[in-house]
file upload_28.cif (mmCIF, C-alpha atoms)
data_my_file
loop_
_atom_site.label_atom_id
_atom_site.label_comp_id
_atom_site.auth_asym_id
_atom_site.auth_seq_id
_atom_site.Cartn_x
_atom_site.Cartn_y
_atom_site.Cartn_z
CA MET I 1167 -11.67 42.47 -41.89
CA ILE I 1168 -12.86 44.38 -38.80
CA PRO I 1169 -10.21 44.68 -36.07
CA ALA I 1170 -10.87 42.14 -33.33
CA CYS I 1171 -11.61 44.58 -30.53
CA GLN I 1172 -14.27 46.31 -32.63
CA LEU I 1173 -16.34 43.14 -32.90
CA LYS I 1174 -17.70 43.59 -29.36
CA PRO I 1175 -18.21 47.34 -28.91
CA SER I 1176 -19.09 48.73 -25.50
CA GLY I 1177 -20.98 51.86 -24.66
CA ALA I 1178 -18.06 53.51 -22.84
CA PRO I 1179 -14.35 53.98 -23.40
CA PHE I 1180 -12.16 51.13 -22.21
CA VAL I 1181 -10.71 51.82 -18.79
CA SER I 1182 -8.94 48.82 -17.31
CA THR I 1183 -9.36 48.13 -13.62
CA LYS I 1184 -6.83 45.30 -13.78
CA THR I 1185 -3.09 45.44 -13.22
CA ALA I 1186 -1.17 45.79 -16.46
CA PRO I 1187 1.04 42.84 -17.35
CA ILE I 1188 4.76 42.93 -16.70
CA LEU I 1189 6.59 43.78 -19.92
CA PHE I 1190 9.74 41.70 -20.39
CA ILE I 1191 12.18 43.10 -22.97
CA HIS I 1192 14.18 39.97 -23.78
CA ILE I 1193 17.61 40.99 -25.08
CA PRO I 1194 19.34 37.92 -26.60
CA LYS I 1195 21.99 36.16 -24.50
CA THR I 1196 21.23 37.89 -21.20
CA ALA I 1197 19.61 34.89 -19.41
CA GLY I 1198 16.20 35.88 -20.74
CA THR I 1199 15.21 32.30 -21.54
CA SER I 1200 15.85 31.34 -17.93
CA PHE I 1201 13.65 34.22 -16.80
CA ARG I 1202 10.94 33.08 -19.19
CA LYS I 1203 10.98 29.57 -17.76
CA GLY I 1204 10.84 30.86 -14.20
CA ALA I 1205 7.93 33.13 -15.14
CA GLU I 1206 6.08 30.23 -16.76
CA ASN I 1207 6.48 28.22 -13.57
CA PHE I 1208 5.02 31.06 -11.52
CA PHE I 1209 2.33 32.57 -13.76
CA GLY I 1210 1.47 29.54 -15.89
CA SER I 1211 2.13 29.60 -19.64
CA GLN I 1212 -1.54 30.36 -20.32
CA HIS I 1213 -1.07 33.78 -18.68
CA ILE I 1214 1.95 34.76 -20.79
CA VAL I 1215 1.87 36.32 -24.26
CA TYR I 1216 5.02 36.07 -26.38
CA ASP I 1217 5.98 38.31 -29.29
CA TYR I 1218 9.14 37.08 -31.00
CA GLY I 1219 8.11 38.19 -34.50
CA GLY I 1220 5.49 37.20 -37.01
CA ASP I 1221 7.42 34.17 -38.26
CA ALA I 1222 8.57 32.87 -34.87
CA SER I 1223 6.91 29.70 -33.61
CA ALA I 1224 7.16 31.01 -30.03
CA THR I 1225 4.90 34.00 -30.81
CA SER I 1226 1.49 33.62 -29.16
CA SER I 1227 -1.66 33.46 -31.27
CA LEU I 1228 -3.00 36.63 -29.63
CA ALA I 1229 0.05 38.63 -30.72
CA ARG I 1230 0.05 37.01 -34.15
CA GLN I 1231 -3.60 37.87 -34.71
CA MET I 1232 -3.52 41.50 -33.58
CA LEU I 1233 0.02 42.59 -34.42
CA TYR I 1234 0.86 40.68 -37.60
CA GLY I 1235 -2.44 40.32 -39.41
CA GLU I 1236 -4.20 42.62 -41.86
CA HIS I 1237 -4.63 45.25 -39.13
CA GLU I 1238 -1.84 46.09 -36.67
CA ASP I 1239 -3.83 47.23 -33.64
CA PHE I 1240 -1.72 47.71 -30.52
CA TRP I 1241 -4.53 49.23 -28.46
CA CYS I 1242 -6.75 46.22 -29.06
CA PHE I 1243 -3.81 43.98 -28.23
CA ALA I 1244 -3.34 45.69 -24.86
CA ARG I 1245 -7.06 45.54 -24.15
CA ALA I 1246 -7.20 41.84 -25.00
CA CYS I 1247 -4.18 41.10 -22.80
CA GLU I 1248 -5.66 42.85 -19.79
CA GLU I 1249 -9.13 41.36 -20.27
CA ALA I 1250 -7.55 37.90 -20.49
CA GLY I 1251 -5.61 38.46 -17.28
CA THR I 1252 -2.23 38.30 -19.03
CA ALA I 1253 0.52 38.50 -16.43
CA LEU I 1254 3.54 38.85 -18.72
CA VAL I 1255 4.20 40.06 -22.27
CA ALA I 1256 7.66 39.04 -23.45
CA GLY I 1257 9.79 38.92 -26.58
CA HIS I 1258 12.71 40.20 -28.63
CA PHE I 1259 11.28 43.68 -29.16
CA GLU I 1260 12.40 47.21 -28.42
CA ALA I 1261 11.04 48.79 -25.25
CA SER I 1262 9.23 51.49 -27.21
CA ARG I 1263 7.00 48.85 -28.86
CA PHE I 1264 4.85 48.27 -25.76
CA VAL I 1265 5.93 50.71 -23.04
CA PRO I 1266 3.34 53.33 -24.15
CA LEU I 1267 0.62 50.70 -23.61
CA PHE I 1268 1.64 49.07 -20.35
CA GLY I 1269 3.80 51.77 -18.75
CA VAL I 1270 7.51 52.04 -18.17
CA ALA I 1271 7.06 51.11 -14.51
CA ARG I 1272 5.95 47.61 -15.62
CA ALA I 1273 9.00 47.08 -17.88
CA VAL I 1274 11.73 44.57 -16.96
CA THR I 1275 14.94 43.63 -18.75
CA PHE I 1276 18.41 42.17 -18.14
CA LEU I 1277 21.72 43.63 -19.30
CA ARG I 1278 25.05 41.86 -19.60
CA ASP I 1279 28.69 42.81 -20.01
CA PRO I 1280 28.83 43.63 -23.77
CA LEU I 1281 32.00 41.63 -24.39
CA GLN I 1282 30.64 38.47 -22.78
CA ARG I 1283 27.22 38.88 -24.41
CA VAL I 1284 28.71 39.12 -27.90
CA ALA I 1285 31.00 36.13 -27.26
CA SER I 1286 28.07 34.12 -25.95
CA TRP I 1287 25.96 35.05 -28.96
CA TYR I 1288 28.72 33.83 -31.28
CA VAL I 1289 28.91 30.46 -29.49
CA HIS I 1290 25.11 30.23 -29.73
CA ALA I 1291 25.26 30.95 -33.48
CA LEU I 1292 27.84 28.20 -33.97
CA ARG I 1293 25.83 25.61 -32.01
CA ARG I 1294 22.28 26.51 -32.96
CA PHE I 1295 22.53 27.96 -36.46
CA ASP I 1296 25.72 26.34 -37.76
CA TYR I 1297 27.33 29.72 -38.33
CA LYS I 1298 30.46 29.35 -40.52
CA GLY I 1299 32.07 32.79 -40.24
CA SER I 1300 34.89 33.86 -37.96
CA PHE I 1301 34.41 35.52 -34.60
CA ARG I 1302 35.59 38.84 -36.06
CA ASP I 1303 33.17 38.54 -38.99
CA PHE I 1304 30.35 37.87 -36.53
CA TYR I 1305 30.92 40.74 -34.11
CA SER I 1306 31.62 43.20 -36.93
CA ARG I 1307 28.09 42.86 -38.34
CA SER I 1308 25.94 45.94 -37.80
CA SER I 1309 23.07 43.83 -36.42
CA ILE I 1310 25.31 42.66 -33.56
CA ARG I 1311 26.59 46.05 -32.46
CA ASN I 1312 25.03 47.89 -29.51
CA ARG I 1313 22.08 45.53 -29.41
CA GLN I 1314 21.30 46.33 -25.78
CA SER I 1315 21.22 50.08 -26.37
CA ARG I 1316 18.99 49.63 -29.41
CA ALA I 1317 16.56 47.50 -27.43
CA LEU I 1318 16.12 50.33 -24.91
CA ARG I 1319 16.29 53.16 -27.42
CA GLY I 1320 14.16 56.14 -26.42
CA VAL I 1321 13.59 54.88 -22.87
CA SER I 1322 15.79 56.15 -20.06
CA LEU I 1323 17.54 53.40 -18.11
CA GLU I 1324 16.54 55.06 -14.84
CA ALA I 1325 12.85 54.91 -15.81
CA ILE I 1326 12.60 51.17 -16.48
CA GLY I 1327 10.76 49.21 -13.77
CA VAL I 1328 13.65 46.82 -13.05
CA VAL I 1329 16.95 46.49 -14.91
CA GLY I 1330 18.55 43.21 -13.88
CA LEU I 1331 22.08 41.99 -14.57
CA THR I 1332 22.90 38.59 -16.02
CA GLU I 1333 25.97 38.39 -13.79
CA ARG I 1334 23.78 38.97 -10.72
CA TYR I 1335 20.79 36.96 -11.85
CA GLU I 1336 19.56 35.75 -8.47
CA GLN I 1337 19.79 39.21 -6.90
CA SER I 1338 17.98 40.61 -9.94
CA LEU I 1339 15.11 38.21 -9.33
CA GLU I 1340 14.97 39.43 -5.74
CA LEU I 1341 14.45 42.98 -7.01
CA ILE I 1342 11.81 41.90 -9.53
CA ASN I 1343 9.90 39.83 -6.98
CA GLY I 1344 10.14 42.61 -4.41
CA CYS I 1345 8.94 45.25 -6.86
CA TYR I 1346 5.97 43.34 -8.31
CA GLY I 1347 5.01 41.00 -5.49
CA THR I 1348 5.87 37.90 -7.54
CA GLU I 1349 7.70 34.72 -6.59
CA ILE I 1350 9.58 33.88 -9.78
CA ASP I 1351 12.15 31.23 -8.92
CA VAL I 1352 15.71 30.80 -10.13
CA HIS I 1353 15.59 28.61 -13.21
CA PHE I 1354 18.56 27.94 -15.47
CA ASN I 1355 18.21 26.26 -18.81
CA ASN I 1356 21.17 24.11 -19.81
CA ALA I 1357 22.76 26.71 -22.08
CA VAL I 1358 22.70 29.42 -19.43
CA ARG I 1359 23.92 27.07 -16.70
CA LYS I 1360 27.04 26.39 -18.74
CA ASP I 1361 27.37 29.88 -20.17
CA ALA I 1362 26.49 32.60 -17.66
CA GLY I 1363 28.56 31.23 -14.82
CA SER I 1364 31.85 31.29 -16.72
CA LEU I 1365 33.65 33.91 -18.77
CA HIS I 1366 34.35 33.46 -22.45
CA LYS I 1367 38.01 33.81 -23.32
CA VAL I 1368 38.57 36.59 -25.85
CA SER I 1369 41.88 37.85 -27.21
CA ALA I 1370 43.03 41.32 -26.25
CA ALA I 1371 42.71 42.48 -29.87
CA ASP I 1372 39.14 41.16 -30.19
CA GLU I 1373 38.18 42.63 -26.82
CA ALA I 1374 39.44 46.08 -27.80
CA GLU I 1375 37.58 45.95 -31.11
CA ILE I 1376 34.34 44.68 -29.58
CA ARG I 1377 34.37 47.42 -26.97
CA ARG I 1378 35.11 50.00 -29.68
CA LEU I 1379 32.19 48.78 -31.80
CA ASN I 1380 29.88 48.67 -28.78
CA LYS I 1381 30.69 51.96 -27.07
CA GLU I 1382 27.02 52.70 -26.43
CA ASP I 1383 26.45 49.32 -24.81
CA CYS I 1384 29.58 49.67 -22.69
CA ALA I 1385 28.45 53.06 -21.38
CA LEU I 1386 24.93 51.71 -20.78
CA TYR I 1387 26.26 48.72 -18.86
CA GLU I 1388 28.49 50.92 -16.69
CA ARG I 1389 25.42 52.96 -15.70
CA ALA I 1390 23.42 49.80 -15.09
CA LEU I 1391 26.10 48.43 -12.76
CA ALA I 1392 26.07 51.60 -10.64
CA LEU I 1393 22.27 51.80 -10.51
CA PHE I 1394 21.95 48.12 -9.64
CA ALA I 1395 24.48 48.32 -6.80
CA GLN I 1396 22.70 51.33 -5.30
CA ARG I 1397 19.23 49.84 -5.71
CA TYR I 1398 20.14 46.44 -4.31
CA GLN I 1399 21.77 48.03 -1.25
CA LEU I 1400 18.57 49.97 -0.55
CA PHE I 1401 16.53 46.81 -1.11
CA ARG I 1402 18.57 44.90 1.46
CA GLN I 1403 18.06 47.77 3.89
CA GLY I 1404 14.30 47.65 3.38
CA GLN I 1405 14.31 51.06 1.69
CA PRO I 1406 12.31 51.95 -1.44
CA TRP I 1407 13.99 52.84 -4.72
CA ALA I 1408 13.17 56.00 -6.64
CA HIS I 1409 13.37 56.14 -10.41
CA ALA I 1410 15.09 59.47 -10.83
CA ARG I 1411 17.08 61.43 -13.34
CA LEU I 1412 18.75 64.84 -13.39
CA VAL I 1413 17.82 66.12 -16.85
CA GLU I 1414 19.18 69.65 -16.85
CA ALA I 1415 21.91 71.49 -14.95
CA LYS I 1416 22.66 74.90 -16.33
CA PRO I 1417 22.95 78.44 -14.96
CA GLY I 1418 19.57 79.43 -13.55
CA ARG I 1419 17.87 76.05 -13.84
CA ILE I 1420 18.20 72.57 -12.34
CA SER I 1421 15.50 70.10 -13.38
CA GLY I 1422 14.68 66.42 -13.52
CA TRP I 1423 12.08 63.83 -12.60
CA ALA I 1424 11.51 61.18 -9.94
CA TRP I 1425 8.90 58.63 -8.84
CA TRP I 1426 8.78 55.71 -6.44
CA GLU I 1427 9.09 52.11 -7.55
CA GLY I 1428 6.24 49.64 -7.28
CA GLY I 1429 3.37 52.02 -7.96
CA ARG I 1430 3.62 54.19 -4.83
CA ASP I 1431 1.63 57.32 -5.55
CA GLU I 1432 3.09 59.95 -3.21
CA PRO I 1433 5.49 62.50 -4.75
CA VAL I 1434 9.22 62.16 -4.21
CA GLU I 1435 11.05 64.84 -2.23
CA VAL I 1436 14.40 65.78 -3.74
CA GLU I 1437 17.39 67.65 -2.32
CA ILE I 1438 19.62 69.49 -4.78
CA TRP I 1439 23.31 69.61 -3.89
CA ILE I 1440 25.88 71.90 -5.49
CA ASN I 1441 29.57 71.18 -4.91
CA GLY I 1442 28.73 68.93 -1.98
CA GLU I 1443 26.39 71.38 -0.23
CA ILE I 1444 22.60 71.24 -0.10
CA ARG I 1445 20.98 74.22 -1.84
CA GLU I 1446 17.29 73.40 -2.27
CA ARG I 1447 14.49 70.95 -1.44
CA VAL I 1448 11.67 70.37 -3.92
CA PHE I 1449 8.91 67.85 -4.59
CA ALA I 1450 8.70 66.03 -7.92
CA LEU I 1451 5.11 66.84 -8.79
CA GLU I 1452 5.29 68.97 -11.93
CA PRO I 1453 3.93 67.68 -15.29
CA ARG I 1454 6.49 66.34 -17.73
CA SER I 1455 4.85 66.06 -21.14
CA GLN I 1456 7.99 64.57 -22.70
CA LEU I 1457 7.48 61.49 -20.53
CA HIS I 1458 3.86 60.88 -21.52
CA ARG I 1459 4.78 58.36 -24.22
CA LEU I 1460 6.30 56.20 -21.47
CA THR I 1461 3.06 56.29 -19.44
CA PRO I 1462 4.89 56.96 -16.15
CA PRO I 1463 3.24 56.85 -12.71
CA ARG I 1464 1.26 59.81 -11.36
CA GLY I 1465 0.05 60.65 -14.87
CA GLY I 1466 3.43 62.17 -15.64
CA TYR I 1467 3.31 64.63 -12.73
CA VAL I 1468 6.79 63.62 -11.63
CA GLY I 1469 8.98 66.58 -12.56
CA PHE I 1470 10.92 69.05 -10.43
CA HIS I 1471 12.95 72.18 -11.02
CA ALA I 1472 14.77 74.84 -9.04
CA PRO I 1473 16.01 78.25 -10.31
CA ILE I 1474 19.49 77.89 -8.83
CA ASN I 1475 22.41 79.93 -10.09
CA VAL I 1476 25.32 77.64 -10.91
CA SER I 1477 28.57 78.25 -12.75
CA PRO I 1478 30.42 76.20 -15.35
CA GLY I 1479 32.36 73.48 -13.61
CA ASP I 1480 30.04 73.24 -10.61
CA ALA I 1481 29.16 69.67 -9.56
CA VAL I 1482 25.42 68.99 -9.31
CA GLN I 1483 23.89 65.96 -7.66
CA CYS I 1484 20.47 65.22 -6.16
CA ARG I 1485 19.43 63.22 -3.12
CA ILE I 1486 16.16 61.44 -2.41
CA VAL I 1487 14.50 62.24 0.92
CA PRO I 1488 14.37 60.21 3.17
CA THR I 1489 16.42 57.30 1.76
CA GLY I 1490 19.61 59.17 0.88
CA GLN I 1491 19.66 57.76 -2.65
CA ARG I 1492 21.82 59.99 -4.84
CA PHE I 1493 21.39 60.66 -8.55
CA PRO I 1494 23.00 60.77 -10.96
CA TRP I 1495 25.36 58.13 -9.64
CA LYS I 1496 28.26 60.53 -10.09
CA PRO I 1497 27.90 64.35 -9.93
CA LEU I 1498 27.11 66.15 -13.17
CA LYS I 1499 29.44 69.00 -14.12
CA VAL I 1500 27.80 72.19 -15.37
CA GLU I 1501 29.09 72.76 -18.89
CA VAL I 1502 30.32 76.00 -20.36
CA PRO I 1503 27.51 77.53 -22.46
CA SER I 1504 28.15 77.08 -26.16
CA THR I 1505 28.67 80.21 -28.21
CA PRO I 1506 26.52 80.85 -31.30
#

call {"tool": "encode", "arguments": {"input": "upload_28.cif", "output": "C-alpha cells"}}
result
Amino acid sequence: MIPACQLKPSGAPFVSTKTAPILFIHIPKTAGTSFRKGAENFFGSQHIVYDYGGDASATSSLARQMLYGEHEDFWCFARACEEAGTALVAGHFEASRFVPLFGVARAVTFLRDPLQRVASWYVHALRRFDYKGSFRDFYSRSSIRNRQSRALRGVSLEAIGVVGLTERYEQSLELINGCYGTEIDVHFNNAVRKDAGSLHKVSAADEAEIRRLNKEDCALYERALALFAQRYQLFRQGQPWAHARLVEAKPGRISGWAWWEGGRDEPVEVEIWINGEIRERVFALEPRSQLHRLTPPRGGYVGFHAPINVSPGDAVQCRIVPTGQRFPWKPLKVEVPSTP
C-alpha cells in the first residue's frame, strides 16, 4: 500500500504556513483528562487528534491510519494534521515521539507530586481495572516507576513549551492560555474533582519506598516546582518567560541556550554571574546542533557561550535581560576536573 501522503504528490516540498498543533503529553493521573475535556470545549473535538496506542478506542482514525498501519509515516501524519487544521495532538506518548515534528515550543504537559500520583494511579487501578494486588505490589512494578521522567526522556524540562502542575491546575491553564492565545477553561471530570483536591494517605514506610523507587521523578518534580513558581511570578507581572538552561560551567567555558516563550523571534540577552557578581553579557544566537531534534525556535540559533575563567567551587548562575529571570534556579557549582 502506498503511504497516504504520497497519493497526492505536489510539485514542491511541503512547507506549512499554518501554526503547528499544540502537543499534549498526557502523563497518567496528572489531571490530563480534565485538560482534554477543556481543550475539546475550546477547540472542538473535530480539531483534536488523539494517540493513545493502536488498540485504544480513544485513538483517532488519522493516527491509527498513519502510525499503526502497514506504513508508520510520522512526516505524513504531521502534514495531514496541519493541512486539516488540527489544533491539538494528545495522548499517552513520550515527548520524543512528536516533538521533532511539531517543535518543543508547542509541547505541553502536567507533572504531579510523585507520591500522590502513584497513590492516585493505584486507586484508579482498583476502581477501573479491578486490580487485586497490594499497594506495595503495585508501586514496585517497573512500569510504575519514574513514569513522568520516562515520558519526558530526552527533552529538557526547561525547553518544554509549558510544564503545568496538577496541584496548581488553574494557574497552569493561565500560563497555557497566555502562551498560546487560547481560552481553555477549567474543567474537572468527576475522578479528578474528588482526587486532585485531596491528598492520599500513605504510610511512612510506603512513602519512603515510593520516593526511593522514583528518585528521578522526585528530582524532576522539584525542578518543575521551582520553574513554575518563577514563571508564574513573571506572568503575573506581565513579563515574558525565557526557556533557558546553563549546560556547561567549567574552567574556560560557560555555555547554554535560551529563547523566548510564545514564538518571539528576537535573541535573548544573558548575563553570566560568578559568585554573585556579573562577569559577562552575551546574546543567545549561536547554533546548537544538539537541539535540532527538538525543532526549537530560531532554527536552533539559541546558544551562548563565554570564555570565562572559573575555579572549582565557584557558583555560576545566569540572568535574563531585562526580566531578571535567573537560571538555573539555584547556582551551579563548578566541579573539580576528573583525573584520567

call {"tool": "resolve_selection", "arguments": {"input": "upload_28.cif", "expression": "the PyMOL selection byres ((chain I and resi 1400-1414) around 7)", "output": "PyMOL selection string"}}
result
chain I and resi 1324-1325+1396-1399+1415-1416+1420-1427+1489+1493-1494

call {"tool": "write_last_selection", "arguments": {"input": "upload_28.cif", "atoms": "C-alpha atoms", "output": "mmCIF file, keeping the file's coordinate frame"}}
result
data_model
loop_
_atom_site.group_PDB
_atom_site.id
_atom_site.type_symbol
_atom_site.label_atom_id
_atom_site.label_comp_id
_atom_site.auth_asym_id
_atom_site.auth_seq_id
_atom_site.Cartn_x
_atom_site.Cartn_y
_atom_site.Cartn_z
ATOM 1 C CA GLU I 1324 16.540 55.060 -14.840
ATOM 2 C CA ALA I 1325 12.850 54.910 -15.810
ATOM 3 C CA GLN I 1396 22.700 51.330 -5.300
ATOM 4 C CA ARG I 1397 19.230 49.840 -5.710
ATOM 5 C CA TYR I 1398 20.140 46.440 -4.310
ATOM 6 C CA GLN I 1399 21.770 48.030 -1.250
ATOM 7 C CA ALA I 1415 21.910 71.490 -14.950
ATOM 8 C CA LYS I 1416 22.660 74.900 -16.330
ATOM 9 C CA ILE I 1420 18.200 72.570 -12.340
ATOM 10 C CA SER I 1421 15.500 70.100 -13.380
ATOM 11 C CA GLY I 1422 14.680 66.420 -13.520
ATOM 12 C CA TRP I 1423 12.080 63.830 -12.600
ATOM 13 C CA ALA I 1424 11.510 61.180 -9.940
ATOM 14 C CA TRP I 1425 8.900 58.630 -8.840
ATOM 15 C CA TRP I 1426 8.780 55.710 -6.440
ATOM 16 C CA GLU I 1427 9.090 52.110 -7.550
ATOM 17 C CA THR I 1489 16.420 57.300 1.760
ATOM 18 C CA PHE I 1493 21.390 60.660 -8.550
ATOM 19 C CA PRO I 1494 23.000 60.770 -10.960
#

call {"tool": "residues_around", "arguments": {"input": "upload_28.cif", "residues": "I:Ala1271", "least_positions_apart": "3", "cutoff": "9 Å", "atoms": "all atoms listed in the file", "output": "list in words"}}
result
Ile1188, Val1265, Phe1268, Val1274, Ala1325, Ile1326, Gly1327, Val1328, Glu1427, Gly1428, Gly1429, Leu1460, Thr1461, Pro1462 and Pro1463 of chain I

call {"tool": "closest_residue", "arguments": {"input": "upload_28.cif", "among": "I:Arg1459, I:Arg1445, I:Arg1389, I:Arg1464", "to": "I:Lys1496", "atoms": "all atoms listed in the file"}}
result
I:Arg1389

call {"tool": "atom_distance", "arguments": {"input": "upload_28.cif", "atom1": "atom CA of I:Ser1306", "atom2": "atom CA of I:Ala1285"}}
result
12.0 Å

call {"tool": "resolve_selection", "arguments": {"input": "upload_28.cif", "expression": "the PyMOL selection byres ((chain I and resi 1193-1209) around 10)", "output": "short mmCIF file (atom, residue, chain, number, x, y, z; two decimals) with C-alpha atoms, in the frame of the given file"}}
result
data_model
loop_
_atom_site.label_atom_id
_atom_site.label_comp_id
_atom_site.auth_asym_id
_atom_site.auth_seq_id
_atom_site.Cartn_x
_atom_site.Cartn_y
_atom_site.Cartn_z
CA PHE I 1190 9.74 41.70 -20.39
CA ILE I 1191 12.18 43.10 -22.97
CA HIS I 1192 14.18 39.97 -23.78
CA GLY I 1210 1.47 29.54 -15.89
CA SER I 1211 2.13 29.60 -19.64
CA GLN I 1212 -1.54 30.36 -20.32
CA HIS I 1213 -1.07 33.78 -18.68
CA ILE I 1214 1.95 34.76 -20.79
CA TYR I 1216 5.02 36.07 -26.38
CA THR I 1252 -2.23 38.30 -19.03
CA ALA I 1253 0.52 38.50 -16.43
CA LEU I 1254 3.54 38.85 -18.72
CA ALA I 1256 7.66 39.04 -23.45
CA GLY I 1257 9.79 38.92 -26.58
CA HIS I 1258 12.71 40.20 -28.63
CA PHE I 1259 11.28 43.68 -29.16
CA GLU I 1260 12.40 47.21 -28.42
CA THR I 1275 14.94 43.63 -18.75
CA PHE I 1276 18.41 42.17 -18.14
CA LEU I 1277 21.72 43.63 -19.30
CA ARG I 1278 25.05 41.86 -19.60
CA ASP I 1279 28.69 42.81 -20.01
CA PRO I 1280 28.83 43.63 -23.77
CA GLN I 1282 30.64 38.47 -22.78
CA ARG I 1283 27.22 38.88 -24.41
CA VAL I 1284 28.71 39.12 -27.90
CA ALA I 1285 31.00 36.13 -27.26
CA SER I 1286 28.07 34.12 -25.95
CA TRP I 1287 25.96 35.05 -28.96
CA TYR I 1288 28.72 33.83 -31.28
CA HIS I 1290 25.11 30.23 -29.73
CA ARG I 1313 22.08 45.53 -29.41
CA GLN I 1314 21.30 46.33 -25.78
CA SER I 1315 21.22 50.08 -26.37
CA ARG I 1316 18.99 49.63 -29.41
CA ALA I 1317 16.56 47.50 -27.43
CA LEU I 1318 16.12 50.33 -24.91
CA GLY I 1330 18.55 43.21 -13.88
CA LEU I 1331 22.08 41.99 -14.57
CA THR I 1332 22.90 38.59 -16.02
CA GLU I 1333 25.97 38.39 -13.79
CA TYR I 1335 20.79 36.96 -11.85
CA LEU I 1339 15.11 38.21 -9.33
CA THR I 1348 5.87 37.90 -7.54
CA GLU I 1349 7.70 34.72 -6.59
CA ILE I 1350 9.58 33.88 -9.78
CA ASP I 1351 12.15 31.23 -8.92
CA VAL I 1352 15.71 30.80 -10.13
CA HIS I 1353 15.59 28.61 -13.21
CA PHE I 1354 18.56 27.94 -15.47
CA ASN I 1355 18.21 26.26 -18.81
CA ASN I 1356 21.17 24.11 -19.81
CA ALA I 1357 22.76 26.71 -22.08
CA VAL I 1358 22.70 29.42 -19.43
CA ARG I 1359 23.92 27.07 -16.70
CA ASP I 1361 27.37 29.88 -20.17
CA ALA I 1362 26.49 32.60 -17.66
#

call {"tool": "atom_distance", "arguments": {"input": "upload_28.cif", "atom1": "atom CA of I:Asp1480", "atom2": "atom CA of I:Lys1499"}}
result
5.5 Å
